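**Student:** This is the structure, below, for whatever I ask next.
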Amino acid sequence: MAAAAGNWRRTHTCGELRHTDVGKTVTLNGWVAARRNHGGIYFIDLRDRYGLTQVVLDEKLSATVKLGGEYVISVTGPVHARDAANVNPDRETGRIELVAERLEVLSPSRTPAFVIDGDEEVSTETRLKFRYLDLRRSAMQKNLAHRARLISAMRKAFEAQGFIEVETPILTKATPEGARDYLVPSRVHPGEFYALPQSPQIFKQLLMVAGLDKYFQVARCFRDEDLRADRQPEFTQLDMEMSFVEEEDVFAVWEQVMRETWRAAMGLELKLPFPRLRWEEAMERFGVDKPDLRFGLELKDLAPWASTSGFGVFTGALAAGGRVMGLAVPAPHALSRKDITGLEEVAKGLGASGLAYWKAAREGSSGPLARFVPDAASAERLMTLLGAREGDTCLFAAGDQDMVRKVLGELRVQLGKRFSLADKSIQAFAWVTHFPLFEYDKDAGRWFSAHHPFTAPEDWTLGGESADPAQLASRSYDLVYNGWELGSGSVRIHRPDVQERVFQILGITPEERQRKFGFFVEALASGAPPHAGFAMGLDRIVALSLGMDNIREVVAFPKTASAADLMCEAPSPVAPEQLAEVHIRTVVPG
RNA sequence: GGGGAUGUAGCUCAAUUGGUUAGAGCGCCGGCCUGUCACGCCGGAGGUUGCGGGUUCAAGUCCCGUCAUCCUCGCCA
């Protein structure tokens, strides 16, 4: 190091000097956030991660340097108390100022693309292009600090429960099921590819076979699918797995982790245990697999009334094996004819043929359905089924069960938002369990795992040879929070015979299975303990805990909706030599 | 892949029915100013109206295409 180095180094940060420091001679380093030149006296607001401190220059000193916005400087001088008239009560450091005796420009700055401390909302495009400036804003620094606190709290909570953190490969093997893989060509093996992990799923199960017993990892995951506000092509999971356990053991660990995390990062005390409800119950009561439990407005089965209603659409739906369901919007929340037309559009968009409604009343009810509710007894019966009171607006859907649930589930969500039904003081965590094991894909003409192919079935026999895969429940579960899915997991298959049977139902041939999962099946046959795990979407939970709905705000260097990095301009073409090295020839359409 | 919104100065936005030399605030540059803290005052520079084509006497404005950003459906075991 040069002999002169060190005299510019800070003794304090820009956020910590107080009235009690008056008289000390200090050195601050930071960015020039604002300049106020009064000719004979010159003020600088000096910024760093910790705050803002006013620096005062006299004419002599200010004349020696040319300062621009965002210049990085070092200033040394005594801390002075401000006169009462000059105190700035809006700033932590507002009672003092640093009177500079030495000022050094450590690094000049080009004119920034936007004003760092400005009030104007800068476009996402500009923010991402100059992300290093965007991250200089205190709001972004707070977000990242909050993220770090939350991750740290989770790490501590897992470690306290005896979990060990293990890193798993980023260069791994392509998987046939699930999301599209990001591929990486191999130089050494011409024509072959690694894949970036969609999750560390297989590795964490292998760690259980290895006997690691309690694993966790802050794991980066990659999925080459289209983006959303809450989805980036690379994202972070808090991933975990444990051995010799079942659902309740995993729930207990996570409930403890969430309680400690919420306490440390948010200062909130969570009530344990979280409620559990089976997937089937969630779908029946709320129409969705991630219900917002902060308000009611539940879906009700109206078959007992509908079957004798005389309304052809309803009786027809029931006769065809479908459902007639409804929900009651409490009377204070009025829905106009126009509102209902809007909701009907939503319903139609989701496959409903229409949206019947009824203004509940024992006498003189109204709405298109009123003529099918001819008397007080009939009205009473319907209102009881709906849990409706006098004056409530009741909405109905009839038809195929999946469609009816989807329509009313969506209406429930929209009405909840519209009328702010959710009690904001509630932290509504819940475990949704026993999702279906398989889903049928009409286009592909085969069954797919609803969760992933290593998920244990509720019944180890898989219902026998003749079972209908659609009817099988799995031992998978989601953690739901205020209507958001935070993460999911399952009890895994630890028996090779059951794993074989699942592959069989998925239509994966023995050759294919051997090629793609051979090592994994062998591992399961090499002493696999019963095990189960869970992974939480970290970006989502950090954003949610900050009251934000876009995870870009909590990711340091996120990508745009077209998966581009506007700052470093990735992806980008590469030199032909580089392609040749990895045996790639590109064929670009057009 | 589909749908919707947006694109004008470095940033955030305005510009009537298609009609003069495309404006404002902030930022930037120059000057003045000893108590400001969004300092103030005076002056100034800065535009391929995303790009390409078309209609028109005339296009930021209308039409077609295209690109980018945002939201969203499909997709995301």
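In the structure tokens, chains take the letters A, B, ... in the order shown, each chain's residues start at 1, and ligands count up from 1 in the order shown.
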I need the chain B residues near chain A as a list in words; criterion: at most 8 Å, counting only C-alpha atoms (C1' of nucleotides).
**Tutor:**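 Those within range of chain A come out as G10, C11, U12, G27, C28, C33, U34, G35, U36, C37, C39, U69, C70, C75, C76 and A77 of chain B.
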**Student:** Take the residues just selected and output them with C-alpha atoms (C1' of nucleotides) as a short mmCIF file (atom, residue, chain, number, x, y, z; two decimals), in the first residue's frame.
**Tutor:**
data_model
loop_
_atom_site.label_atom_id
_atom_site.label_comp_id
_atom_site.auth_asym_id
_atom_site.auth_seq_id
_atom_site.Cartn_x
_atom_site.Cartn_y
_atom_site.Cartn_z
"C1'" G B 10 -30.45 12.43 -19.47
"C1'" C B 11 -35.18 11.43 -16.00
"C1'" U B 12 -40.67 12.16 -15.27
"C1'" G B 27 -31.16 17.02 -13.97
"C1'" C B 28 -26.90 19.19 -16.85
"C1'" C B 33 -25.42 34.52 -3.67
"C1'" U B 34 -22.58 33.24 3.99
"C1'" G B 35 -27.16 29.11 6.79
"C1'" U B 36 -29.13 26.04 3.11
"C1'" C B 37 -31.18 21.23 3.69
"C1'" C B 39 -31.74 26.38 -1.36
"C1'" U B 69 -40.64 -2.39 -21.41
"C1'" C B 70 -44.74 -3.54 -17.98
"C1'" C B 75 -46.60 -22.29 -19.39
"C1'" C B 76 -44.08 -22.69 -14.42
"C1'" A B 77 -43.01 -31.54 -11.84
#
**Student:** For B:G30, list every protein, DNA or RNA residue within 12 Å, evaluated using only C-alpha atoms (C1' of nucleotides), and leave out those in the same chain fewer than 4 positions away; present the list as a ChimeraX atom specification.
**Tutor:** /B:42-45
**Student:** Output the selection as a short mmCIF file (atom, residue, chain, number, x, y, z; two decimals), in the first residue's frame - C-alpha atoms (C1' of nucleotides) for each residue.
**Tutor:**
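Okay, part-v6.cif is ready:
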data_model
loop_
_atom_site.label_atom_id
_atom_site.label_comp_id
_atom_site.auth_asym_id
_atom_site.auth_seq_id
_atom_site.Cartn_x
_atom_site.Cartn_y
_atom_site.Cartn_z
"C1'" C B 42 -30.37 35.09 -13.88
"C1'" G B 43 -28.85 32.90 -18.46
"C1'" G B 44 -27.93 28.56 -21.66
"C1'" A B 45 -27.40 23.86 -24.04
#
**Student:** Enter the distance from atom CA of A:Ala473 to atom CA of A:Pro436, in Å, rounded to one decimal.
**Tutor:**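 Atom-to-atom, atom CA of A:Ala473 to atom CA of A:Pro436, that is 4.5 Å.
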**Student:** List as a list in words the protein and nucleic acid residues near B:U61, meaning an atom at most 12 Å away when only C-alpha atoms (C1' of nucleotides) are counted, but skip any in the same chain fewer than 6 places from it.
**Tutor:**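 Counting only the stated atoms, we get U8, A15, U16, U17, G18, G19, A22 and U49 of chain B.
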**Student:** I need the chosen residues saved as a CSV table (one decimal), in the first residue's frame, with N, CA and C atoms (P, O5', C5', C4', C3', O3' and C1' of nucleotides).
**Tutor:**
chain,number,residue,atom,x,y,z
B,8,U,P,-40.5,7.9,-24.6
B,8,U,O5',-41.0,9.0,-25.6
B,8,U,C5',-40.4,9.1,-26.9
B,8,U,C4',-40.3,10.5,-27.4
B,8,U,C3',-39.7,11.5,-26.4
B,8,U,O3',-38.3,11.5,-26.5
B,8,U,C1',-41.8,12.4,-27.1
B,15,A,P,-51.6,16.0,-23.5
B,15,A,O5',-51.0,17.0,-24.6
B,15,A,C5',-51.4,18.3,-24.7
B,15,A,C4',-50.7,19.0,-25.8
B,15,A,C3',-50.9,18.3,-27.2
B,15,A,O3',-52.1,18.7,-27.8
B,15,A,C1',-48.6,18.8,-26.9
B,16,U,P,-52.7,17.8,-29.0
B,16,U,O5',-54.2,18.1,-29.0
B,16,U,C5',-55.1,17.5,-28.0
B,16,U,C4',-56.5,18.1,-28.1
B,16,U,C3',-57.0,18.1,-29.5
B,16,U,O3',-58.4,17.9,-29.4
B,16,U,C1',-56.9,20.3,-28.6
B,17,U,P,-59.1,16.5,-29.8
B,17,U,O5',-59.1,16.5,-31.4
B,17,U,C5',-59.7,15.4,-32.0
B,17,U,C4',-59.8,15.7,-33.5
B,17,U,C3',-58.5,16.0,-34.2
B,17,U,O3',-58.5,15.4,-35.5
B,17,U,C1',-60.0,17.8,-34.5
B,18,G,P,-57.7,14.1,-35.8
B,18,G,O5',-56.3,14.7,-36.3
B,18,G,C5',-55.2,14.8,-35.5
B,18,G,C4',-54.1,15.5,-36.1
B,18,G,C3',-54.4,17.0,-36.5
B,18,G,O3',-53.2,17.7,-36.4
B,18,G,C1',-53.8,15.8,-38.4
B,19,G,P,-53.3,19.0,-35.4
B,19,G,O5',-52.5,20.1,-36.3
B,19,G,C5',-51.1,19.9,-36.6
B,19,G,C4',-50.6,21.1,-37.3
B,19,G,C3',-51.0,22.4,-36.7
B,19,G,O3',-49.9,23.4,-36.9
B,19,G,C1',-51.8,22.3,-38.9
B,22,A,P,-40.1,22.6,-33.6
B,22,A,O5',-40.8,22.5,-32.2
B,22,A,C5',-42.1,22.9,-32.0
B,22,A,C4',-42.7,22.1,-30.9
B,22,A,C3',-41.9,22.1,-29.6
B,22,A,O3',-42.2,23.2,-28.8
B,22,A,C1',-42.5,19.9,-30.2
B,49,U,P,-37.8,12.3,-34.6
B,49,U,O5',-38.2,11.9,-33.1
B,49,U,C5',-38.5,10.6,-32.8
B,49,U,C4',-39.4,10.5,-31.6
B,49,U,C3',-40.7,9.7,-31.8
B,49,U,O3',-41.0,9.1,-30.6
B,49,U,C1',-41.2,11.9,-31.1
**Student:** Mind giving me the straight-line distance from atom CA of A:Pro469 to atom CA of A:His434 in Å, one decimal?
**Tutor:** 14.0 Å
**Student:** What is the atom CA of A:Ser490 to atom CA of A:Lys214 distance in Å?
**Tutor:**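 Computed distance, atom CA of A:Ser490 to atom CA of A:Lys214, equals 15.0 Å.
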